[in-house]
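Shown here: run.txt, compact mmCIF, C-alpha atoms and all ligand atoms.
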```txt
# COMPACT_ATOMS: atom_id res chain seq x y z
CA MET A 1195 0.35 -50.06 55.92
CA ALA A 1196 -1.15 -49.07 52.56
CA ASN A 1197 -4.22 -51.20 53.28
CA THR A 1198 -4.90 -49.84 56.75
CA TRP A 1199 -7.96 -47.69 57.37
CA TRP A 1200 -9.29 -45.53 60.17
CA GLU A 1201 -12.70 -46.56 61.39
CA VAL A 1202 -14.34 -43.53 62.99
CA GLN A 1203 -17.33 -44.32 65.22
CA ILE A 1204 -19.67 -41.56 66.34
CA GLN A 1205 -22.54 -42.08 68.77
CA CYS A 1206 -24.95 -39.17 68.35
CA GLU A 1207 -28.45 -37.78 68.61
CA PRO A 1208 -30.50 -38.55 65.45
CA ALA A 1209 -30.79 -34.80 64.76
CA LEU A 1210 -27.01 -34.60 64.32
CA GLU A 1211 -26.73 -37.42 61.76
CA GLU A 1212 -26.91 -35.27 58.61
CA SER A 1213 -24.39 -32.68 59.78
CA ILE A 1214 -22.06 -35.49 60.84
CA PHE A 1215 -22.32 -37.11 57.37
CA TRP A 1216 -21.48 -33.75 55.85
CA ARG A 1217 -18.45 -33.24 58.12
CA LEU A 1218 -17.20 -36.77 57.41
CA GLU A 1219 -17.55 -36.30 53.67
CA ASN A 1220 -15.58 -33.04 53.78
CA PHE A 1221 -12.97 -34.76 55.91
CA GLY A 1222 -12.44 -37.30 53.10
CA CYS A 1223 -14.22 -40.28 54.65
CA ARG A 1224 -15.64 -42.99 52.41
CA GLY A 1225 -18.31 -45.61 52.99
CA THR A 1226 -20.25 -43.89 55.76
CA ALA A 1227 -23.17 -45.81 57.27
CA SER A 1228 -25.38 -45.32 60.30
CA GLU A 1229 -27.28 -47.68 62.53
CA LYS A 1230 -29.99 -46.95 65.12
CA LYS A 1231 -28.88 -47.83 68.65
CA GLY A 1232 -31.77 -47.30 71.02
CA SER A 1233 -32.64 -43.62 70.96
CA SER A 1234 -29.34 -42.58 69.36
CA PHE A 1235 -27.43 -43.31 66.12
CA LEU A 1236 -24.07 -44.97 65.64
CA VAL A 1237 -22.33 -43.57 62.56
CA ARG A 1238 -19.35 -45.48 61.20
CA SER A 1239 -17.05 -44.02 58.60
CA TYR A 1240 -13.77 -45.02 57.01
CA LEU A 1241 -10.72 -43.37 55.52
CA PRO A 1242 -7.26 -44.54 54.48
CA GLN A 1243 -4.76 -44.20 57.30
CA PHE A 1244 -2.38 -42.05 55.25
CA GLN A 1245 -5.09 -39.39 54.78
CA ALA A 1246 -5.37 -38.44 58.46
CA HIS A 1247 -3.06 -38.08 61.43
CA LEU A 1248 -4.25 -38.33 65.01
CA LEU A 1249 -4.32 -34.54 65.19
CA ASP A 1250 -6.70 -34.39 62.20
CA LEU A 1251 -9.02 -36.83 63.93
CA ALA A 1252 -8.89 -34.73 67.08
CA ALA A 1253 -9.83 -31.67 64.98
CA LEU A 1254 -12.72 -33.60 63.45
CA SER A 1255 -13.91 -34.48 66.92
CA LEU A 1256 -13.76 -30.80 67.88
CA TRP A 1257 -15.83 -29.73 64.84
CA LEU A 1258 -18.46 -32.33 65.71
CA ARG A 1259 -18.51 -31.03 69.27
CA GLN A 1260 -18.95 -27.43 68.06
CA ASP A 1261 -21.74 -28.42 65.64
CA ALA A 1262 -23.60 -30.11 68.52
CA LEU A 1263 -23.14 -27.09 70.79
CA CYS A 1264 -24.44 -24.75 68.05
CA MET A 1265 -27.52 -26.92 67.68
CA GLU A 1266 -27.88 -27.15 71.49
CA LEU A 1267 -27.70 -30.95 71.36
CA PRO A 1268 -25.67 -33.40 73.47
CA ILE A 1269 -22.04 -33.72 72.36
CA PRO A 1270 -21.47 -36.88 70.27
CA VAL A 1271 -19.04 -39.53 71.48
CA VAL A 1272 -16.26 -39.98 68.90
CA ARG A 1273 -13.86 -42.95 68.78
CA TRP A 1274 -11.40 -44.14 66.15
CA GLU A 1275 -9.25 -47.17 65.52
CA LEU A 1276 -7.11 -48.67 62.79
CA ILE A 1277 -8.49 -51.67 60.92
CA ASP A 1278 -7.30 -53.58 57.87
CA GLU A 1279 -8.98 -53.28 54.48
CA GLN A 1280 -10.76 -56.61 54.65
CA ASP A 1281 -12.52 -55.63 57.89
CA TRP A 1282 -13.41 -52.26 56.42
CA ALA A 1283 -14.96 -53.75 53.31
CA SER A 1284 -17.17 -56.10 55.26
CA SER A 1285 -18.02 -53.78 58.14
CA TRP A 1286 -20.05 -51.03 56.43
CA LYS A 1287 -21.53 -53.31 53.78
CA GLN A 1288 -23.60 -55.06 56.45
CA TYR A 1289 -25.65 -51.89 56.96
CA TRP A 1290 -26.38 -51.06 53.33
CA GLN A 1291 -29.74 -52.31 52.08
CA PRO A 1292 -31.56 -52.06 48.70
CA GLN A 1293 -33.12 -48.66 48.29
CA GLU A 1294 -35.92 -47.35 46.08
CA ILE A 1295 -35.32 -43.88 44.70
CA GLY A 1296 -38.00 -41.82 42.96
CA ASP A 1297 -40.65 -43.76 41.05
CA ARG A 1298 -38.41 -45.85 38.82
CA ILE A 1299 -35.04 -46.71 40.34
CA LEU A 1300 -33.86 -49.33 42.81
CA ILE A 1301 -30.28 -49.37 44.08
CA ASN A 1302 -29.24 -52.91 44.88
CA PRO A 1303 -25.94 -53.61 46.68
CA ALA A 1304 -23.99 -55.89 44.36
CA TRP A 1305 -23.56 -58.61 46.99
CA LEU A 1306 -27.31 -58.97 47.70
CA PRO A 1307 -29.77 -60.91 45.53
CA VAL A 1308 -31.82 -58.80 43.15
CA PRO A 1309 -35.48 -58.65 44.26
CA GLU A 1310 -37.77 -60.77 42.14
CA ASN A 1311 -40.69 -59.16 40.29
CA SER A 1312 -39.48 -55.59 40.77
CA GLU A 1313 -40.69 -53.31 37.99
CA ARG A 1314 -38.01 -50.78 38.82
CA LEU A 1315 -34.81 -50.07 36.92
CA ILE A 1316 -32.14 -51.77 38.99
CA ILE A 1317 -28.69 -50.28 39.52
CA LEU A 1318 -26.27 -52.86 40.92
CA LEU A 1319 -23.68 -51.05 42.94
CA ASP A 1320 -20.47 -51.67 44.76
CA PRO A 1321 -19.11 -48.19 45.38
CA GLY A 1322 -15.82 -49.57 46.73
CA VAL A 1323 -14.18 -46.57 48.29
CA ALA A 1324 -15.98 -44.03 46.08
CA PHE A 1325 -18.89 -41.79 47.11
CA GLY A 1326 -22.29 -42.71 45.70
CA THR A 1327 -24.28 -45.45 47.39
CA GLY A 1328 -27.60 -43.70 46.86
CA ASN A 1329 -27.94 -43.18 50.61
CA HIS A 1330 -27.07 -39.52 50.51
CA ALA A 1331 -29.82 -36.94 50.01
CA THR A 1332 -27.90 -35.21 47.20
CA THR A 1333 -27.49 -38.42 45.15
CA GLN A 1334 -31.21 -39.13 45.59
CA LEU A 1335 -32.16 -35.60 44.50
CA CYS A 1336 -29.99 -35.96 41.37
CA LEU A 1337 -31.48 -39.35 40.46
CA GLU A 1338 -35.01 -38.03 40.95
CA SER A 1339 -34.16 -34.99 38.80
CA LEU A 1340 -32.75 -37.27 36.09
CA GLU A 1341 -35.98 -39.26 36.23
CA MET A 1342 -37.95 -36.05 35.76
CA ARG A 1343 -35.70 -34.85 32.89
CA LEU A 1344 -35.60 -38.16 31.07
CA SER A 1345 -39.23 -39.14 31.59
CA SER A 1346 -41.02 -35.82 31.21
CA VAL A 1347 -44.53 -35.77 29.74
CA PRO A 1348 -44.32 -38.67 27.35
CA GLU A 1349 -47.20 -39.12 24.93
CA SER A 1350 -46.58 -42.80 25.35
CA PHE A 1351 -43.75 -44.83 26.80
CA THR A 1352 -42.45 -45.75 23.35
CA SER A 1353 -42.43 -42.15 22.13
CA GLN A 1354 -40.50 -41.17 25.28
CA GLU A 1355 -37.97 -43.89 24.65
CA ARG A 1356 -37.53 -42.47 21.19
CA ALA A 1357 -37.22 -38.92 22.60
CA ASN A 1358 -34.42 -40.00 24.96
CA GLU A 1359 -32.60 -41.99 22.31
CA ASP A 1360 -30.32 -39.09 21.47
CA VAL A 1361 -29.73 -37.61 24.91
CA VAL A 1362 -26.04 -37.35 25.80
CA ILE A 1363 -25.07 -36.28 29.31
CA ALA A 1364 -21.95 -35.27 31.19
CA ASP A 1365 -21.53 -36.45 34.80
CA VAL A 1366 -19.02 -34.28 36.63
CA GLY A 1367 -17.79 -35.87 39.88
CA CYS A 1368 -19.13 -39.33 39.00
CA GLY A 1369 -18.03 -41.13 42.22
CA SER A 1370 -19.35 -44.69 41.91
CA GLY A 1371 -20.94 -43.85 38.52
CA ILE A 1372 -24.43 -44.09 40.02
CA LEU A 1373 -25.84 -41.04 38.20
CA SER A 1374 -24.44 -42.00 34.77
CA ILE A 1375 -25.72 -45.57 35.08
CA GLY A 1376 -29.08 -44.22 36.29
CA ALA A 1377 -29.30 -41.82 33.32
CA LEU A 1378 -28.54 -44.63 30.85
CA LEU A 1379 -31.16 -46.91 32.44
CA LEU A 1380 -33.66 -44.05 32.21
CA GLY A 1381 -33.03 -43.89 28.47
CA ALA A 1382 -30.10 -41.55 27.82
CA LYS A 1383 -27.99 -42.66 24.87
CA LYS A 1384 -24.55 -41.86 26.23
CA ALA A 1385 -22.82 -40.52 29.34
CA TYR A 1386 -19.39 -38.97 29.73
CA ALA A 1387 -18.28 -39.33 33.37
CA VAL A 1388 -15.27 -37.66 34.99
CA ASP A 1389 -13.88 -37.54 38.51
CA THR A 1390 -10.66 -36.09 39.90
CA ASP A 1391 -10.28 -39.13 42.20
CA PRO A 1392 -8.72 -42.14 40.43
CA LEU A 1393 -10.48 -44.49 42.88
CA ALA A 1394 -13.84 -43.08 41.75
CA VAL A 1395 -12.87 -43.62 38.11
CA ARG A 1396 -12.02 -47.24 38.89
CA SER A 1397 -15.28 -47.68 40.77
CA THR A 1398 -17.34 -46.26 37.87
CA ILE A 1399 -15.58 -48.61 35.43
CA GLU A 1400 -16.30 -51.60 37.71
CA ASN A 1401 -19.95 -50.63 38.19
CA ARG A 1402 -20.31 -50.08 34.45
CA ALA A 1403 -19.23 -53.69 33.87
CA MET A 1404 -21.40 -55.02 36.72
CA ASN A 1405 -24.50 -53.40 35.18
CA GLY A 1406 -23.69 -54.71 31.71
CA VAL A 1407 -23.33 -51.17 30.35
CA ASN A 1408 -21.50 -50.95 27.03
CA PRO A 1409 -18.19 -49.06 27.54
CA GLU A 1410 -19.06 -47.03 24.41
CA SER A 1411 -22.20 -45.75 26.17
CA LEU A 1412 -20.43 -44.74 29.39
CA ILE A 1413 -17.09 -43.12 28.78
CA VAL A 1414 -15.09 -42.59 31.97
CA ALA A 1415 -12.00 -40.45 32.52
CA GLU A 1416 -9.98 -39.00 35.36
CA GLY A 1417 -10.26 -35.23 35.59
CA SER A 1418 -12.86 -32.52 35.51
CA VAL A 1419 -14.62 -30.21 33.05
CA ASP A 1420 -11.33 -29.40 31.29
CA VAL A 1421 -10.99 -33.11 30.43
CA LEU A 1422 -14.63 -33.24 29.26
CA THR A 1423 -14.04 -30.39 26.81
CA LYS A 1424 -11.49 -32.60 25.03
CA LEU A 1425 -13.55 -35.77 25.42
CA VAL A 1426 -17.00 -34.81 24.11
CA PRO A 1427 -17.14 -34.64 20.32
CA GLN A 1428 -20.04 -32.16 20.46
CA PRO A 1429 -21.93 -30.22 23.15
CA VAL A 1430 -23.99 -32.37 25.53
CA ASP A 1431 -27.75 -32.24 26.17
CA GLY A 1432 -27.53 -32.40 29.96
CA ILE A 1433 -25.05 -32.00 32.80
CA VAL A 1434 -25.33 -33.61 36.21
CA CYS A 1435 -22.91 -32.45 38.85
CA ASN A 1436 -23.12 -33.46 42.49
CA ILE A 1437 -20.07 -31.89 44.07
CA LEU A 1438 -19.79 -29.23 46.76
CA ALA A 1439 -21.10 -25.67 46.32
CA ASP A 1440 -17.70 -23.98 46.13
CA VAL A 1441 -16.52 -26.46 43.48
CA ILE A 1442 -19.65 -25.86 41.36
CA ILE A 1443 -19.11 -22.10 41.67
CA SER A 1444 -15.51 -22.42 40.52
CA LEU A 1445 -16.48 -24.72 37.61
CA ALA A 1446 -19.44 -22.53 36.48
CA PRO A 1447 -17.46 -20.60 33.80
CA GLU A 1448 -16.07 -23.85 32.35
CA PHE A 1449 -19.41 -25.58 31.69
CA SER A 1450 -20.14 -23.18 28.78
CA ALA A 1451 -17.52 -24.99 26.66
CA ILE A 1452 -19.54 -28.25 26.58
CA VAL A 1453 -23.17 -27.10 26.37
CA LYS A 1454 -25.81 -26.43 23.70
CA PRO A 1455 -28.22 -23.46 23.90
CA SER A 1456 -30.84 -26.01 25.05
CA THR A 1457 -28.75 -27.94 27.60
CA TRP A 1458 -30.25 -28.68 31.03
CA GLY A 1459 -28.29 -29.03 34.26
CA ILE A 1460 -28.74 -30.76 37.60
CA PHE A 1461 -26.48 -29.36 40.32
CA SER A 1462 -26.35 -30.68 43.87
CA GLY A 1463 -24.01 -31.12 46.83
CA ILE A 1464 -25.33 -27.72 47.88
CA LEU A 1465 -26.39 -26.84 51.41
CA LEU A 1466 -29.60 -24.80 51.50
CA GLU A 1467 -27.83 -21.68 52.74
CA GLN A 1468 -25.38 -21.94 49.80
CA SER A 1469 -28.09 -22.16 47.12
CA LYS A 1470 -28.21 -18.43 46.35
CA ALA A 1471 -24.45 -18.18 45.80
CA VAL A 1472 -24.52 -21.20 43.44
CA ALA A 1473 -27.62 -19.94 41.58
CA ASP A 1474 -25.98 -16.50 41.14
CA ALA A 1475 -22.78 -18.07 39.76
CA LEU A 1476 -24.73 -20.29 37.33
CA GLU A 1477 -26.99 -17.43 36.18
CA LYS A 1478 -23.93 -15.29 35.52
CA HIS A 1479 -22.86 -17.94 33.03
CA GLY A 1480 -26.09 -18.30 31.07
CA TRP A 1481 -28.15 -20.76 33.16
CA VAL A 1482 -31.68 -20.10 34.39
CA VAL A 1483 -32.71 -21.78 37.65
CA ALA A 1484 -36.03 -23.54 37.03
CA THR A 1485 -36.55 -25.37 40.34
CA LEU A 1486 -34.86 -25.97 43.66
CA TRP A 1487 -35.55 -29.32 45.30
CA LYS A 1488 -34.77 -29.77 49.00
CA ARG A 1489 -34.04 -32.80 51.16
CA LYS A 1490 -32.90 -32.38 54.76
CA GLU A 1491 -30.41 -29.50 54.69
CA TRP A 1492 -29.37 -30.20 51.08
CA CYS A 1493 -30.76 -28.93 47.80
CA CYS A 1494 -30.55 -29.60 44.09
CA LEU A 1495 -30.86 -26.92 41.41
CA ASN A 1496 -32.56 -27.87 38.15
CA VAL A 1497 -31.42 -25.37 35.54
CA ARG A 1498 -31.57 -24.67 31.78
CA ARG A 1499 -29.67 -22.50 29.36
CA SER A 1500 -31.54 -19.30 28.58
C1 LIG B 1601 -20.45 -36.02 46.43
S1 LIG B 1601 -19.53 -37.08 45.37
C2 LIG B 1601 -20.79 -37.47 44.15
C3 LIG B 1601 -20.70 -38.88 43.63
C4 LIG B 1601 -21.89 -39.30 42.76
N1 LIG B 1601 -21.95 -38.51 41.54
C5 LIG B 1601 -23.20 -39.16 43.51
O1 LIG B 1601 -24.02 -38.35 43.12
O2 LIG B 1601 -23.40 -39.90 44.49
C6 LIG B 1601 -18.52 -35.89 44.55
C7 LIG B 1601 -17.45 -36.47 43.66
O3 LIG B 1601 -16.84 -35.37 42.97
C8 LIG B 1601 -15.45 -35.59 42.86
N2 LIG B 1601 -14.86 -34.26 42.65
C9 LIG B 1601 -14.51 -33.33 43.59
N3 LIG B 1601 -14.06 -32.21 42.98
C10 LIG B 1601 -14.13 -32.43 41.63
C11 LIG B 1601 -13.83 -31.65 40.47
N4 LIG B 1601 -13.36 -30.41 40.57
N5 LIG B 1601 -14.06 -32.19 39.26
C12 LIG B 1601 -14.54 -33.46 39.14
N6 LIG B 1601 -14.81 -34.25 40.19
C13 LIG B 1601 -14.63 -33.74 41.41
C14 LIG B 1601 -15.09 -36.32 44.15
O4 LIG B 1601 -13.90 -37.07 43.96
C15 LIG B 1601 -16.32 -37.18 44.39
O5 LIG B 1601 -16.17 -38.48 43.82
```

Exercise: express the given structure as structure tokens:
Amino acid sequence: MANTWWEVQIQCEPALEESIFWRLENFGCRGTASEKKGSSFLVRSYLPQFQAHLLDLAALSLWLRQDALCMELPIPVVRWELIDEQDWASSWKQYWQPQEIGDRILINPAWLPVPENSERLIILLDPGVAFGTGNHATTQLCLESLEMRLSSVPESFTSQERANEDVVIADVGCGSGILSIGALLLGAKKAYAVDTDPLAVRSTIENRAMNGVNPESLIVAEGSVDVLTKLVPQPVDGIVCNILADVIISLAPEFSAIVKPSTWGIFSGILLEQSKAVADALEKHGWVVATLWKRKEWCCLNVRRS
């Protein structure tokens, strides 16, 4: 039974897609993908059988119903069934296509050929069961912010490369490792990546190998900021953290142990209405919010130490 998964299928109005993704993520689902079916969307999502009982799935269905009612939209049709791991792995992968993010990055699913003649930095990715395919608005906002941080106002490309040579970042909640690998491709020298989920740690290690990243440049460990404080030999230059708002708020006091006076931060996983609470918590601990970038109902805070 250990390799049995729930496949949750939700037929919904396009306007509900984002809130459904958010609910599924909070519910612990992995590998969520959606497909257009006529005028509606079919969202498929997967989670290990042991993580949810039938009652939990019924509760999920109720939340989705309430969300639709609040938005005055038709109630989505929710179905679930048990499938084995092999079916799961092949089912959502069919719907995941290469994706350009920002001006410089292309996410290429590991099982698809790499496009010829692309001038973009290519991240090969097989997220396995970890979060981080590049499809989610928050991952995109973080990658675009990294691009801005690591490519800002170069006098020339070579001088920028030199400027980034020494940048060391911490990636808190690394998931598939997408943000660390992106930062290294954009020119950072080293990334320290942590995640509380051992499956995410495994996925980051596998993606590190797949992208030919030197293990000394991307150091991965299970845990959170407390683990980073022991892992980093000296304060880092940048932090990227795409988790949920309440987790960022609770971690805000801990970041101080691993930062320099000049450290920058990229924080996402934040719903727009939660941005003030997160900004207040970060400002209380020495960060200054420079910009807030929005996509759909999500946002990303770009911050600096004061
Ligand atoms: C939304 S995913 C982000 C994955 C990837 N960084 C991205 O941007 O696509 C959040 C990740 O944070 C991890 N996580 C949750 N709470 C955490 C904590 N307190 N410390 C470290 N990681 C945590 C989860 O296991 C999950 O892999």

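The gap separating atom CA of Val1426 of chain A from atom CA of Ala1451 of chain A is 10.2 Å, in Å to one decimal.
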
| message | Taking all atoms listed in the file into account, which residues have an atom no farther than 7 Å from ligand LIG 1601 (chain B)? I'd like them as JSON, numbers by chain. | response | {"A": [1324, 1325, 1326, 1327, 1328, 1332, 1333, 1336, 1366, 1367, 1368, 1369, 1370, 1371, 1372, 1373, 1388, 1389, 1390, 1391, 1394, 1417, 1418, 1419, 1435, 1436, 1437, 1438, 1441, 1463]}

Margin query: Please list as a ChimeraX atom specification every residue within 12 Å of Ser1462 of chain A, counting all atoms listed in the file and excluding residues in the same chain fewer than 6 positions away.
Written below: /A:1330-1339,1365-1367,1373,1433-1443,1468-1469,1472-1473,1486-1489,1491-1497

Written selection (C-alpha atoms) as a short mmCIF file (atom, residue, chain, number, x, y, z; two decimals), in the frame of the given file:
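Generated file (part_1.cif):
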```cif
data_model
loop_
_atom_site.label_atom_id
_atom_site.label_comp_id
_atom_site.auth_asym_id
_atom_site.auth_seq_id
_atom_site.Cartn_x
_atom_site.Cartn_y
_atom_site.Cartn_z
CA HIS A 1330 -27.07 -39.52 50.51
CA ALA A 1331 -29.82 -36.94 50.01
CA THR A 1332 -27.90 -35.21 47.20
CA THR A 1333 -27.49 -38.42 45.15
CA GLN A 1334 -31.21 -39.13 45.59
CA LEU A 1335 -32.16 -35.60 44.50
CA CYS A 1336 -29.99 -35.96 41.37
CA LEU A 1337 -31.48 -39.35 40.46
CA GLU A 1338 -35.01 -38.03 40.95
CA SER A 1339 -34.16 -34.99 38.80
CA ASP A 1365 -21.53 -36.45 34.80
CA VAL A 1366 -19.02 -34.28 36.63
CA GLY A 1367 -17.79 -35.87 39.88
CA LEU A 1373 -25.84 -41.04 38.20
CA ILE A 1433 -25.05 -32.00 32.80
CA VAL A 1434 -25.33 -33.61 36.21
CA CYS A 1435 -22.91 -32.45 38.85
CA ASN A 1436 -23.12 -33.46 42.49
CA ILE A 1437 -20.07 -31.89 44.07
CA LEU A 1438 -19.79 -29.23 46.76
CA ALA A 1439 -21.10 -25.67 46.32
CA ASP A 1440 -17.70 -23.98 46.13
CA VAL A 1441 -16.52 -26.46 43.48
CA ILE A 1442 -19.65 -25.86 41.36
CA ILE A 1443 -19.11 -22.10 41.67
CA GLN A 1468 -25.38 -21.94 49.80
CA SER A 1469 -28.09 -22.16 47.12
CA VAL A 1472 -24.52 -21.20 43.44
CA ALA A 1473 -27.62 -19.94 41.58
CA LEU A 1486 -34.86 -25.97 43.66
CA TRP A 1487 -35.55 -29.32 45.30
CA LYS A 1488 -34.77 -29.77 49.00
CA ARG A 1489 -34.04 -32.80 51.16
CA GLU A 1491 -30.41 -29.50 54.69
CA TRP A 1492 -29.37 -30.20 51.08
CA CYS A 1493 -30.76 -28.93 47.80
CA CYS A 1494 -30.55 -29.60 44.09
CA LEU A 1495 -30.86 -26.92 41.41
CA ASN A 1496 -32.56 -27.87 38.15
CA VAL A 1497 -31.42 -25.37 35.54
#
```

Two-atom distance - atom CA of Leu1267 of chain A, atom CA of Ser1228 of chain A (Å):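 Atom-to-atom, atom CA of Leu1267 of chain A and atom CA of Ser1228 of chain A are spaced 18.3 Å apart.
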
Enumerate, as a ChimeraX atom specification, the protein, DNA and RNA residues whose atoms approach (-10.9, -44.9, 54.6) to within 10 Å, taking into account all atoms listed in the file and the coordinate frame of the file. /A:1197-1202,1222-1226,1239-1246,1276-1279,1282-1283,1323-1324

Subject >> Selection near Ile1301 of chain A, 7 Å with only C-alpha atoms, sequence-local residues under 2 positions removed, as a list in words >> reply: Pro1292, Gln1293, Glu1294, Ile1299, Pro1303, Ile1316, Ile1317, Leu1318, Leu1319 and Gly1328 of chain A

Computed gap from atom CA of Gly1459 of chain A to atom CA of Trp1216 of chain A is 23.1 Å

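Counting all atoms listed in the file, the residue from A:Trp1274, A:Leu1412, A:Thr1457, A:Phe1235 that sits nearest to Leu1249 of chain A is A:Trp1274.
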
Written record: segment 1421-1441 of chain A, N, CA and C atoms, as a tab-separated table (two decimals), in the first residue's frame:
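Heads up, here's the output in out08.tsv:
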```
chain	number	residue	atom	x	y	z
A	1421	VAL	N	18.84	24.58	10.99
A	1421	VAL	CA	19.88	23.73	10.38
A	1421	VAL	C	20.86	24.61	9.59
A	1422	LEU	N	20.31	25.63	8.91
A	1422	LEU	CA	21.18	26.53	8.13
A	1422	LEU	C	22.18	27.24	9.02
A	1423	THR	N	21.75	27.62	10.22
A	1423	THR	CA	22.66	28.36	11.10
A	1423	THR	C	23.91	27.52	11.41
A	1424	LYS	N	23.74	26.19	11.42
A	1424	LYS	CA	24.91	25.34	11.69
A	1424	LYS	C	25.68	25.05	10.41
A	1425	LEU	N	24.97	25.14	9.28
A	1425	LEU	CA	25.54	24.73	8.00
A	1425	LEU	C	26.39	25.82	7.33
A	1426	VAL	N	25.93	27.08	7.42
A	1426	VAL	CA	26.64	28.13	6.66
A	1426	VAL	C	27.86	28.59	7.48
A	1427	PRO	N	29.04	28.59	6.84
A	1427	PRO	CA	30.23	28.98	7.60
A	1427	PRO	C	30.25	30.47	7.93
A	1428	GLN	N	29.61	31.28	7.06
A	1428	GLN	CA	29.48	32.71	7.35
A	1428	GLN	C	28.18	33.23	6.79
A	1429	PRO	N	27.74	34.43	7.23
A	1429	PRO	CA	26.42	34.92	6.79
A	1429	PRO	C	26.30	34.95	5.26
A	1430	VAL	N	25.08	34.72	4.79
A	1430	VAL	CA	24.85	34.65	3.33
A	1430	VAL	C	24.54	36.03	2.76
A	1431	ASP	N	24.62	36.12	1.42
A	1431	ASP	CA	24.35	37.41	0.74
A	1431	ASP	C	22.88	37.57	0.40
A	1432	GLY	N	22.18	36.42	0.24
A	1432	GLY	CA	20.77	36.50	-0.14
A	1432	GLY	C	20.00	35.31	0.41
A	1433	ILE	N	18.70	35.55	0.68
A	1433	ILE	CA	17.83	34.45	1.13
A	1433	ILE	C	16.65	34.39	0.18
A	1434	VAL	N	16.30	33.18	-0.25
A	1434	VAL	CA	15.06	33.03	-1.01
A	1434	VAL	C	14.22	32.02	-0.24
A	1435	CYS	N	12.95	32.38	-0.05
A	1435	CYS	CA	12.10	31.55	0.80
A	1435	CYS	C	10.67	31.60	0.27
A	1436	ASN	N	10.27	30.51	-0.38
A	1436	ASN	CA	8.92	30.44	-0.93
A	1436	ASN	C	8.14	29.40	-0.12
A	1437	ILE	N	7.65	29.84	1.03
A	1437	ILE	CA	6.83	28.94	1.85
A	1437	ILE	C	5.50	29.68	2.08
A	1438	LEU	N	4.74	29.28	3.04
A	1438	LEU	CA	3.48	30.02	3.25
A	1438	LEU	C	3.69	31.17	4.22
A	1439	ALA	N	2.77	32.16	4.18
A	1439	ALA	CA	2.92	33.38	4.97
A	1439	ALA	C	3.15	33.09	6.45
A	1440	ASP	N	2.32	32.21	7.03
A	1440	ASP	CA	2.47	32.00	8.48
A	1440	ASP	C	3.81	31.36	8.83
A	1441	VAL	N	4.37	30.56	7.91
A	1441	VAL	CA	5.69	29.95	8.18
A	1441	VAL	C	6.76	31.04	8.10
```
